[in-house]
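Novice: If it helps, the file is called query-v1.cif and holds mmCIF, C-alpha atoms and all ligand atoms:
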```cif
data_data
loop_
_atom_site.label_atom_id
_atom_site.label_comp_id
_atom_site.auth_asym_id
_atom_site.auth_seq_id
_atom_site.Cartn_x
_atom_site.Cartn_y
_atom_site.Cartn_z
CA MET A 14 26.27 51.80 -17.56
CA THR A 15 23.69 49.06 -18.07
CA THR A 16 21.37 49.69 -20.97
CA PHE A 17 18.05 48.12 -21.74
CA ASP A 18 17.65 49.68 -25.19
CA ASP A 19 14.75 48.08 -27.05
CA ARG A 20 14.01 45.77 -24.13
CA VAL A 21 10.56 45.53 -22.60
CA ALA A 22 9.92 44.92 -18.91
CA LEU A 23 6.74 43.97 -17.13
CA VAL A 24 6.77 45.21 -13.53
CA THR A 25 4.01 44.17 -11.11
CA GLY A 26 3.17 46.47 -8.22
CA ALA A 27 4.90 49.28 -10.12
CA GLY A 28 2.66 52.00 -8.72
CA SER A 29 4.62 52.37 -5.51
CA GLY A 30 7.84 51.71 -3.62
CA ILE A 31 10.31 49.21 -5.02
CA GLY A 32 8.29 48.42 -8.17
CA ARG A 33 7.96 52.10 -9.01
CA ALA A 34 11.71 52.59 -8.58
CA ILE A 35 12.41 49.55 -10.80
CA ALA A 36 10.07 50.81 -13.53
CA ILE A 37 11.61 54.29 -13.52
CA ALA A 38 15.18 52.96 -13.51
CA PHE A 39 14.47 50.48 -16.32
CA ALA A 40 13.00 53.23 -18.49
CA ALA A 41 15.90 55.57 -17.66
CA ALA A 42 18.23 52.84 -18.94
CA GLY A 43 16.49 52.87 -22.31
CA GLY A 44 13.80 50.25 -21.84
CA ARG A 45 10.05 50.31 -22.17
CA VAL A 46 7.86 49.34 -19.26
CA VAL A 47 4.48 47.81 -18.63
CA VAL A 48 3.48 49.32 -15.30
CA GLY A 49 1.14 46.85 -13.61
CA ASP A 50 -0.62 47.59 -10.34
CA LEU A 51 -3.81 46.78 -8.48
CA ASP A 52 -4.31 50.51 -7.94
CA PRO A 53 -5.15 52.32 -11.20
CA GLU A 54 -4.13 55.77 -9.98
CA ARG A 55 -0.74 54.60 -8.75
CA ALA A 56 -0.07 52.75 -12.01
CA ALA A 57 -1.07 55.79 -14.06
CA GLN A 58 1.14 58.07 -11.96
CA THR A 59 4.26 55.94 -12.49
CA ALA A 60 3.61 55.69 -16.24
CA LYS A 61 3.02 59.44 -16.44
CA GLU A 62 6.28 60.12 -14.64
CA ILE A 63 8.20 57.86 -17.05
CA ASN A 64 6.52 59.21 -20.16
CA GLY A 65 7.01 62.80 -19.01
CA SER A 66 10.79 62.39 -19.11
CA ALA A 67 11.14 59.90 -21.99
CA PRO A 68 13.23 61.52 -24.75
CA ASP A 69 11.79 59.46 -27.64
CA GLY A 70 8.09 59.41 -26.85
CA PRO A 71 6.07 57.27 -24.45
CA ALA A 72 8.07 54.49 -22.82
CA ALA A 73 5.48 53.16 -20.39
CA VAL A 74 1.93 51.91 -20.38
CA ALA A 75 -0.15 51.54 -17.21
CA VAL A 76 -2.28 48.45 -16.65
CA THR A 77 -4.59 47.83 -13.72
CA ALA A 78 -4.26 44.18 -12.69
CA ASP A 79 -4.55 42.10 -9.54
CA ILE A 80 -1.85 39.42 -9.77
CA ALA A 81 -4.02 37.13 -7.64
CA ASP A 82 -6.63 37.06 -10.42
CA GLU A 83 -5.73 34.70 -13.27
CA ALA A 84 -7.93 36.48 -15.84
CA ALA A 85 -6.46 39.86 -14.91
CA VAL A 86 -2.95 38.45 -15.26
CA ALA A 87 -3.79 37.12 -18.73
CA ALA A 88 -5.08 40.58 -19.71
CA LEU A 89 -1.94 42.23 -18.27
CA VAL A 90 0.36 40.04 -20.35
CA ARG A 91 -1.83 40.45 -23.44
CA THR A 92 -1.60 44.25 -23.10
CA ALA A 93 2.18 43.98 -22.88
CA ILE A 94 2.36 41.94 -26.08
CA ASP A 95 -0.23 44.07 -27.90
CA THR A 96 1.59 47.27 -26.94
CA TYR A 97 5.24 46.33 -27.38
CA GLY A 98 5.20 42.96 -29.16
CA ARG A 99 7.44 41.28 -26.62
CA ILE A 100 8.49 40.91 -22.99
CA ASP A 101 12.20 40.59 -22.16
CA VAL A 102 12.21 41.05 -18.41
CA LEU A 103 9.65 40.24 -15.74
CA PHE A 104 9.99 41.86 -12.35
CA ASN A 105 7.67 39.99 -9.99
CA ASN A 106 7.41 42.70 -7.38
CA ALA A 107 3.81 43.08 -6.15
CA GLY A 108 3.36 41.88 -2.59
CA ILE A 109 1.60 42.53 0.70
CA ILE A 110 2.59 42.12 4.34
CA ASP A 111 0.85 40.22 7.11
CA THR A 112 0.11 41.43 10.63
CA MET A 113 3.19 39.76 12.21
CA ALA A 114 0.78 37.70 14.29
CA LEU A 115 2.14 34.55 15.96
CA PRO A 116 1.28 31.38 14.04
CA ALA A 117 -1.64 30.32 16.24
CA GLU A 118 -3.17 33.79 15.97
CA ILE A 119 -3.28 34.11 12.18
CA PRO A 120 -6.81 34.19 10.79
CA PRO A 121 -6.99 31.64 7.94
CA GLU A 122 -8.36 34.27 5.58
CA LEU A 123 -5.27 36.45 6.15
CA TRP A 124 -3.04 33.41 5.51
CA GLU A 125 -4.95 32.67 2.29
CA ARG A 126 -4.74 36.24 1.01
CA VAL A 127 -1.01 36.69 1.72
CA LEU A 128 -0.17 33.33 0.11
CA ARG A 129 -2.52 34.07 -2.79
CA VAL A 130 -0.93 37.43 -3.65
CA ASN A 131 2.73 36.89 -2.75
CA LEU A 132 3.21 33.30 -3.91
CA THR A 133 0.34 32.26 -6.20
CA GLY A 134 0.24 35.71 -7.82
CA THR A 135 3.97 35.51 -8.54
CA PHE A 136 3.43 32.04 -9.99
CA LEU A 137 0.48 33.15 -12.14
CA VAL A 138 2.41 36.02 -13.71
CA THR A 139 5.48 33.83 -14.25
CA ARG A 140 3.36 31.14 -15.86
CA ALA A 141 1.70 33.67 -18.19
CA VAL A 142 4.98 35.33 -19.23
CA LEU A 143 7.15 32.22 -19.69
CA PRO A 144 5.70 31.17 -23.08
CA HIS A 145 6.75 34.55 -24.50
CA LEU A 146 10.29 34.24 -23.12
CA LEU A 147 10.52 30.68 -24.41
CA ARG A 148 9.41 31.74 -27.87
CA GLN A 149 12.18 34.37 -27.92
CA GLY A 150 14.74 31.92 -26.57
CA ARG A 151 15.84 34.44 -23.97
CA GLY A 152 14.56 36.39 -21.02
CA SER A 153 15.12 37.29 -17.42
CA ILE A 154 12.87 37.08 -14.39
CA VAL A 155 13.67 38.90 -11.16
CA ASN A 156 11.55 38.10 -8.13
CA ILE A 157 11.34 40.55 -5.26
CA ALA A 158 11.29 38.19 -2.30
CA SER A 159 12.37 39.36 1.17
CA GLU A 160 14.71 38.66 4.04
CA ALA A 161 11.69 36.70 5.26
CA GLY A 162 12.38 34.34 2.35
CA ILE A 163 15.42 32.90 4.14
CA ARG A 164 14.75 33.41 7.86
CA GLY A 165 11.93 32.90 10.33
CA GLY A 166 12.21 36.04 12.42
CA ALA A 167 11.70 38.78 9.87
CA ALA A 168 7.89 38.81 9.57
CA GLY A 169 4.77 36.86 10.45
CA ALA A 170 4.34 33.23 9.42
CA ALA A 171 2.10 33.93 6.42
CA TYR A 172 4.50 36.44 4.85
CA THR A 173 7.49 34.27 5.79
CA ALA A 174 5.98 31.16 4.21
CA SER A 175 4.97 33.08 1.10
CA LYS A 176 8.45 34.53 0.59
CA HIS A 177 10.16 31.17 1.24
CA GLY A 178 7.83 29.93 -1.50
CA VAL A 179 9.00 32.69 -3.84
CA VAL A 180 12.60 31.65 -3.18
CA GLY A 181 11.68 28.05 -4.06
CA LEU A 182 9.83 29.14 -7.20
CA THR A 183 12.87 31.20 -8.23
CA LYS A 184 15.19 28.18 -7.98
CA SER A 185 12.71 25.92 -9.73
CA VAL A 186 12.27 28.26 -12.71
CA ALA A 187 16.03 28.87 -12.89
CA TRP A 188 16.78 25.15 -12.97
CA ALA A 189 13.95 24.22 -15.31
CA HIS A 190 14.75 26.84 -17.94
CA ALA A 191 18.52 27.28 -17.70
CA LYS A 192 18.94 25.57 -21.07
CA ASP A 193 16.24 27.75 -22.66
CA GLY A 194 18.15 31.02 -22.25
CA ILE A 195 15.94 32.13 -19.39
CA ARG A 196 17.42 33.26 -16.09
CA CYS A 197 15.46 33.62 -12.85
CA ASN A 198 16.89 35.28 -9.76
CA ALA A 199 15.57 36.91 -6.60
CA ILE A 200 16.53 39.83 -4.41
CA LEU A 201 15.82 39.80 -0.69
CA PRO A 202 15.21 43.40 0.36
CA GLY A 203 15.86 44.45 3.92
CA ALA A 204 13.55 47.05 5.43
CA THR A 205 12.90 49.64 2.74
CA LEU A 206 11.14 52.98 2.83
CA THR A 207 7.92 52.30 0.87
CA ASN A 208 4.16 52.37 1.40
CA ILE A 209 3.87 48.67 2.30
CA ALA A 210 2.94 49.28 5.94
CA ASP A 211 0.40 52.03 5.18
CA GLY A 212 -2.81 51.29 7.02
CA ALA A 213 -1.44 48.05 8.48
CA THR A 214 -2.24 47.02 12.02
CA PHE A 215 0.52 44.94 13.55
CA ASP A 216 0.02 42.30 16.21
CA GLN A 217 2.07 43.55 19.17
CA ALA A 218 2.86 40.15 20.67
CA GLY A 219 4.01 38.79 17.33
CA ALA A 220 6.04 41.84 16.40
CA ALA A 221 7.81 41.80 19.77
CA ARG A 222 9.15 38.30 19.07
CA LEU A 223 10.76 39.22 15.76
CA SER A 224 14.49 39.78 15.46
CA PRO A 225 15.76 43.35 15.12
CA VAL A 226 14.98 44.37 11.57
CA LEU A 227 18.15 46.25 10.77
CA ALA A 228 21.85 45.58 10.88
CA LEU A 229 22.64 49.22 10.26
CA GLY A 230 21.01 50.98 13.18
CA ASP A 231 17.64 52.40 12.21
CA GLN A 232 18.60 53.08 8.63
CA LEU A 233 16.00 52.09 6.06
CA ALA A 234 16.95 51.38 2.48
CA GLN A 235 15.64 53.52 -0.35
CA PRO A 236 13.61 51.78 -3.08
CA GLU A 237 16.22 52.89 -5.63
CA GLN A 238 18.83 50.74 -3.85
CA MET A 239 16.60 47.71 -4.47
CA ALA A 240 16.09 48.76 -8.08
CA ASP A 241 19.87 48.91 -8.66
CA ALA A 242 20.26 45.27 -7.58
CA ALA A 243 17.17 44.08 -9.46
CA LEU A 244 18.31 45.77 -12.68
CA PHE A 245 21.75 44.21 -12.39
CA LEU A 246 20.19 40.74 -12.19
CA ALA A 247 17.95 41.55 -15.16
CA SER A 248 20.82 42.81 -17.28
CA ASP A 249 23.37 41.17 -19.56
CA ALA A 250 25.99 42.01 -16.92
CA ALA A 251 24.47 39.09 -14.98
CA SER A 252 24.34 36.78 -17.99
CA PHE A 253 25.70 33.77 -16.04
CA VAL A 254 23.80 34.50 -12.82
CA ASN A 255 20.85 32.13 -12.56
CA GLY A 256 18.99 30.87 -9.50
CA ALA A 257 20.75 33.37 -7.24
CA ILE A 258 19.04 34.52 -4.05
CA VAL A 259 20.62 37.89 -3.33
CA PRO A 260 20.19 39.71 -0.02
CA VAL A 261 20.07 43.49 -0.43
CA ASP A 262 19.92 44.32 3.24
CA GLY A 263 22.96 46.30 4.32
CA GLY A 264 24.38 43.21 6.00
CA TRP A 265 21.38 42.11 8.06
CA SER A 266 21.46 38.52 6.83
CA ALA A 267 25.19 38.28 7.51
CA GLY A 268 24.63 38.62 11.26
P1 LIG B 301 4.39 49.15 -1.66
O1 LIG B 301 3.15 48.88 -0.91
O2 LIG B 301 5.03 50.50 -1.56
O3 LIG B 301 4.17 48.82 -3.21
C1 LIG B 301 3.53 47.63 -3.60
C2 LIG B 301 2.63 47.91 -4.78
O4 LIG B 301 2.02 46.65 -5.13
C3 LIG B 301 1.47 48.87 -4.47
O5 LIG B 301 1.40 49.88 -5.45
C4 LIG B 301 0.23 47.99 -4.47
O6 LIG B 301 -0.92 48.66 -4.97
C5 LIG B 301 0.65 46.87 -5.39
N1 LIG B 301 -0.08 45.62 -5.14
C6 LIG B 301 -0.43 45.10 -3.93
N2 LIG B 301 -1.13 43.97 -4.12
C7 LIG B 301 -1.21 43.78 -5.45
C8 LIG B 301 -1.83 42.80 -6.25
N3 LIG B 301 -2.53 41.80 -5.72
N4 LIG B 301 -1.71 42.91 -7.60
C9 LIG B 301 -1.04 43.94 -8.15
N5 LIG B 301 -0.45 44.91 -7.44
C10 LIG B 301 -0.54 44.83 -6.10
O7 LIG B 301 5.40 48.01 -1.18
P2 LIG B 301 6.95 47.69 -1.46
O8 LIG B 301 7.62 47.71 -0.15
O9 LIG B 301 7.48 48.49 -2.57
O10 LIG B 301 6.82 46.15 -1.87
C11 LIG B 301 7.28 45.62 -3.09
C12 LIG B 301 7.80 44.21 -2.85
O11 LIG B 301 8.95 44.28 -2.01
C13 LIG B 301 6.80 43.29 -2.14
O12 LIG B 301 6.82 42.01 -2.76
C14 LIG B 301 7.34 43.21 -0.73
O13 LIG B 301 6.98 42.01 -0.09
C15 LIG B 301 8.83 43.31 -0.99
N6 LIG B 301 9.60 43.71 0.19
C16 LIG B 301 9.44 44.96 0.74
C17 LIG B 301 10.19 45.29 1.86
C18 LIG B 301 10.06 46.65 2.53
O14 LIG B 301 10.64 46.83 3.61
N7 LIG B 301 9.37 47.60 1.94
C19 LIG B 301 11.10 44.37 2.42
C20 LIG B 301 11.21 43.12 1.83
C21 LIG B 301 10.48 42.81 0.71
#
```
Write the structure described by the file as structure tokens, please.

Specialist:
Amino acid sequence: MTTFDDRVALVTGAGSGIGRAIAIAFAAAGGRVVVGDLDPERAAQTAKEINGSAPDGPAAVAVTADIADEAAVAALVRTAIDTYGRIDVLFNNAGIIDTMALPAEIPPELWERVLRVNLTGTFLVTRAVLPHLLRQGRGSIVNIASEAGIRGGAAGAAYTASKHGVVGLTKSVAWAHAKDGIRCNAILPGATLTNIADGATFDQAGAARLSPVLALGDQLAQPEQMADAALFLASDAASFVNGAIVPVDGGWSAG
């Protein structure tokens, strides 16, 4: 079994869904976790859950931080270093969906927000964490992209462009820092049972144009299935895997 004994992970968007599952799985494998989220209650709940079952005392700290806000990102990373002295693994997970609207129908402010959170936010956290990984001479970054990072029919144009950007950022970081002992990979989740669509209003015309979301009937993935793949990429078992863009979609992208 993979262990993360004495390793420290920073997980963004860890208050819900895939990020929550990653944080819990990382702690269960022996690691300590900085639970970042925009929503303070969600972040606190995940940390409480981890700490409630940690055999050797608290293994998680909750931090409220909007990854789209550079100052908040700096504070998030500072808390990680102040609390645990190091960061070994960054899971860039926080993200939001768009309305699936057709390109001509997307309000520019929606475009800006989706790009700001999903792409610029991922960049800002990566940029803030990299100096710590470089100083250690090792580290692993796992980006939670999406099927929409490699295809045009999986979401609206804003989300699709943002996740293609995350795929590009993943390859760029992997290539730039391969010789520094830092690996950067991405998973591409298929449709997963989380809270991401809560309160969302979808554009009917846009949604109707999108390709069928699932290759496996109407089966949705569980967040824990995404966490398994993300933890593998973060672990020493993937020590020579760098710049990989890994679909975790039950076969959807193979069709
Ligand atoms: P979720 O909504 O259940 O969880 C996302 C968490 O991120 C929430 O707790 C939310 O508060 C937090 N968050 C949102 N904006 C933030 C910000 N600006 N700063 C910090 N935290 C923020 O969603 P999820 O499905 O678990 O999504 C996690 C990642 O997985 C996202 O990047 C998403 O694009 C990706 N993804 C999800 C699916 C799916 O079907 N659920 C499919 C492909 C990719």

Novice: Within 6 Å of ligand LIG 301 (chain B), which residues of chain A show up? Give each one with its shortest atom-to-atom distance in Å (one decimal) and the two atoms involved, counting only C-alpha atoms and all ligand atoms, rows by chain then rising residue number, as JSON lines.

Specialist:
```
{"residue": "A:Thr25", "atom": "CA", "partner": "B:LIG301", "partner_atom": "N5", "distance": 5.8}
{"residue": "A:Gly26", "atom": "CA", "partner": "B:LIG301", "partner_atom": "O4", "distance": 3.3}
{"residue": "A:Ala27", "atom": "CA", "partner": "B:LIG301", "partner_atom": "O5", "distance": 5.9}
{"residue": "A:Gly28", "atom": "CA", "partner": "B:LIG301", "partner_atom": "O5", "distance": 4.1}
{"residue": "A:Ser29", "atom": "CA", "partner": "B:LIG301", "partner_atom": "O5", "distance": 4.1}
{"residue": "A:Gly30", "atom": "CA", "partner": "B:LIG301", "partner_atom": "O9", "distance": 3.4}
{"residue": "A:Ile31", "atom": "CA", "partner": "B:LIG301", "partner_atom": "O9", "distance": 3.8}
{"residue": "A:Gly32", "atom": "CA", "partner": "B:LIG301", "partner_atom": "O9", "distance": 5.7}
{"residue": "A:Asp50", "atom": "CA", "partner": "B:LIG301", "partner_atom": "N5", "distance": 4.0}
{"residue": "A:Leu51", "atom": "CA", "partner": "B:LIG301", "partner_atom": "C9", "distance": 4.0}
{"residue": "A:Asp52", "atom": "CA", "partner": "B:LIG301", "partner_atom": "O6", "distance": 4.9}
{"residue": "A:Ala78", "atom": "CA", "partner": "B:LIG301", "partner_atom": "C9", "distance": 5.6}
{"residue": "A:Asp79", "atom": "CA", "partner": "B:LIG301", "partner_atom": "N4", "distance": 3.5}
{"residue": "A:Ile80", "atom": "CA", "partner": "B:LIG301", "partner_atom": "N4", "distance": 4.1}
{"residue": "A:Ala81", "atom": "CA", "partner": "B:LIG301", "partner_atom": "N3", "distance": 5.3}
{"residue": "A:Asn106", "atom": "CA", "partner": "B:LIG301", "partner_atom": "O12", "distance": 4.7}
{"residue": "A:Ala107", "atom": "CA", "partner": "B:LIG301", "partner_atom": "O4", "distance": 4.1}
{"residue": "A:Gly108", "atom": "CA", "partner": "B:LIG301", "partner_atom": "O12", "distance": 3.5}
{"residue": "A:Ile109", "atom": "CA", "partner": "B:LIG301", "partner_atom": "O13", "distance": 5.5}
{"residue": "A:Val130", "atom": "CA", "partner": "B:LIG301", "partner_atom": "N3", "distance": 5.1}
{"residue": "A:Ile157", "atom": "CA", "partner": "B:LIG301", "partner_atom": "O12", "distance": 5.4}
{"residue": "A:Ala158", "atom": "CA", "partner": "B:LIG301", "partner_atom": "C21", "distance": 5.6}
{"residue": "A:Ser159", "atom": "CA", "partner": "B:LIG301", "partner_atom": "C21", "distance": 4.0}
{"residue": "A:Pro202", "atom": "CA", "partner": "B:LIG301", "partner_atom": "C20", "distance": 4.3}
{"residue": "A:Gly203", "atom": "CA", "partner": "B:LIG301", "partner_atom": "C19", "distance": 5.0}
{"residue": "A:Ala204", "atom": "CA", "partner": "B:LIG301", "partner_atom": "O14", "distance": 3.4}
{"residue": "A:Thr205", "atom": "CA", "partner": "B:LIG301", "partner_atom": "O14", "distance": 3.7}
{"residue": "A:Leu206", "atom": "CA", "partner": "B:LIG301", "partner_atom": "N7", "distance": 5.7}
{"residue": "A:Thr207", "atom": "CA", "partner": "B:LIG301", "partner_atom": "O2", "distance": 4.2}
{"residue": "A:Asn208", "atom": "CA", "partner": "B:LIG301", "partner_atom": "O2", "distance": 3.6}
{"residue": "A:Ile209", "atom": "CA", "partner": "B:LIG301", "partner_atom": "O1", "distance": 3.3}
```

Novice: Output C-alpha atoms for every residue in the selection just made, as an mmCIF file, in the frame of the given file.

Specialist:
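Saved result, again-v3.cif, follows:
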```
data_model
loop_
_atom_site.group_PDB
_atom_site.id
_atom_site.type_symbol
_atom_site.label_atom_id
_atom_site.label_comp_id
_atom_site.auth_asym_id
_atom_site.auth_seq_id
_atom_site.Cartn_x
_atom_site.Cartn_y
_atom_site.Cartn_z
ATOM 1 C CA THR A 25 4.010 44.170 -11.110
ATOM 2 C CA GLY A 26 3.170 46.470 -8.220
ATOM 3 C CA ALA A 27 4.900 49.280 -10.120
ATOM 4 C CA GLY A 28 2.660 52.000 -8.720
ATOM 5 C CA SER A 29 4.620 52.370 -5.510
ATOM 6 C CA GLY A 30 7.840 51.710 -3.620
ATOM 7 C CA ILE A 31 10.310 49.210 -5.020
ATOM 8 C CA GLY A 32 8.290 48.420 -8.170
ATOM 9 C CA ASP A 50 -0.620 47.590 -10.340
ATOM 10 C CA LEU A 51 -3.810 46.780 -8.480
ATOM 11 C CA ASP A 52 -4.310 50.510 -7.940
ATOM 12 C CA ALA A 78 -4.260 44.180 -12.690
ATOM 13 C CA ASP A 79 -4.550 42.100 -9.540
ATOM 14 C CA ILE A 80 -1.850 39.420 -9.770
ATOM 15 C CA ALA A 81 -4.020 37.130 -7.640
ATOM 16 C CA ASN A 106 7.410 42.700 -7.380
ATOM 17 C CA ALA A 107 3.810 43.080 -6.150
ATOM 18 C CA GLY A 108 3.360 41.880 -2.590
ATOM 19 C CA ILE A 109 1.600 42.530 0.700
ATOM 20 C CA VAL A 130 -0.930 37.430 -3.650
ATOM 21 C CA ILE A 157 11.340 40.550 -5.260
ATOM 22 C CA ALA A 158 11.290 38.190 -2.300
ATOM 23 C CA SER A 159 12.370 39.360 1.170
ATOM 24 C CA PRO A 202 15.210 43.400 0.360
ATOM 25 C CA GLY A 203 15.860 44.450 3.920
ATOM 26 C CA ALA A 204 13.550 47.050 5.430
ATOM 27 C CA THR A 205 12.900 49.640 2.740
ATOM 28 C CA LEU A 206 11.140 52.980 2.830
ATOM 29 C CA THR A 207 7.920 52.300 0.870
ATOM 30 C CA ASN A 208 4.160 52.370 1.400
ATOM 31 C CA ILE A 209 3.870 48.670 2.300
#
```

Novice: Tell me which of A:Ala42, A:Ala22, A:Val261, A:Ala251 sits closest to Pro68 in chain A, counting only C-alpha atoms.

Specialist: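 Smallest distance to Pro68 in chain A is found for A:Ala42.
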
Novice: Give me the residues of range 14-128 of chain A that have any atom at most 8 Å from an atom of range 133-142 of chain A; for each, the nearest atom pair and the distance in Å, rounded to one decimal. Use only C-alpha atoms, sort by chain and number, and format it as JSON lines.

Specialist:
```
{"residue": "A:Ile80", "atom": "CA", "partner": "A:Gly134", "partner_atom": "CA", "distance": 4.7}
{"residue": "A:Ala81", "atom": "CA", "partner": "A:Gly134", "partner_atom": "CA", "distance": 4.5}
{"residue": "A:Asp82", "atom": "CA", "partner": "A:Gly134", "partner_atom": "CA", "distance": 7.5}
{"residue": "A:Glu83", "atom": "CA", "partner": "A:Leu137", "partner_atom": "CA", "distance": 6.5}
{"residue": "A:Val86", "atom": "CA", "partner": "A:Val138", "partner_atom": "CA", "distance": 6.1}
{"residue": "A:Ala87", "atom": "CA", "partner": "A:Ala141", "partner_atom": "CA", "distance": 6.5}
{"residue": "A:Val90", "atom": "CA", "partner": "A:Val142", "partner_atom": "CA", "distance": 6.7}
{"residue": "A:Ile100", "atom": "CA", "partner": "A:Val142", "partner_atom": "CA", "distance": 7.6}
{"residue": "A:Leu103", "atom": "CA", "partner": "A:Val142", "partner_atom": "CA", "distance": 7.6}
{"residue": "A:Asn105", "atom": "CA", "partner": "A:Thr135", "partner_atom": "CA", "distance": 6.0}
{"residue": "A:Ala107", "atom": "CA", "partner": "A:Thr135", "partner_atom": "CA", "distance": 7.9}
{"residue": "A:Leu128", "atom": "CA", "partner": "A:Thr133", "partner_atom": "CA", "distance": 6.4}
```

Novice: For a quick check of understanding, using all atoms listed in the file, which of A:Ala57, A:Val48, A:Leu223, A:Ala161 has the smallest distance to Thr173 in chain A?

Specialist: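 For Thr173 in chain A, the nearest of the candidates is A:Ala161.
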
Novice: Between CA of Ala73 in chain A and CA of Val46 in chain A, what is the spacing in Å?

Specialist: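 For CA of Val46 in chain A relative to CA of Ala73 in chain A, the distance reads 4.6 Å.
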
Novice: Would you mind telling me which residue in A:Leu115, A:Ile63, A:Ile258, A:Ile154 lies nearest to Ala191 in chain A when using all atoms listed in the file?

Specialist: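 Ranked by minimum distance to Ala191 in chain A, first place goes to A:Ile154.
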
Novice: Here is a test: counting only C-alpha atoms, which residue of A:Arg33, A:Arg222, A:Arg99, A:Arg45 is nearest to Ala168 in chain A?

Specialist: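 Under the stated criterion, the closest residue is A:Arg222.
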
Novice: Record the distance separating CA of Val102 in chain A and CA of Leu23 in chain A, expressed in Å with one decimal.

Specialist: 6.3 Å

Novice: Could you tell me which of A:Val76, A:Leu123, A:Leu146, A:Leu132 comes closest to Ser175 in chain A if we count only C-alpha atoms?

Specialist: A:Leu132

Novice: Enter the distance from CA of Asp111 in chain A to CA of Asp211 in chain A, in Å, rounded to one decimal.

Specialist: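 One can read the CA of Asp111 in chain A to CA of Asp211 in chain A distance as 12.0 Å.
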
Novice: Tell me which of A:Ser224, A:Val179, A:Ser248, A:Phe104 sits closest to Gly268 in chain A, counting all atoms listed in the file.

Specialist: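 Counting all atoms listed in the file, the residue closest to Gly268 in chain A is A:Ser224.
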
Novice: Can you sort out the box for range 25-28 of chain A, edges along x, y and z, all listed atoms in, 6 Å on every side, with centre and edge lengths in Å to one decimal, as JSON?

Specialist:
```
{"center_x": 3.8, "center_y": 48.1, "center_z": -9.7, "size_x": 14.2, "size_y": 19.8, "size_z": 14.9}
```
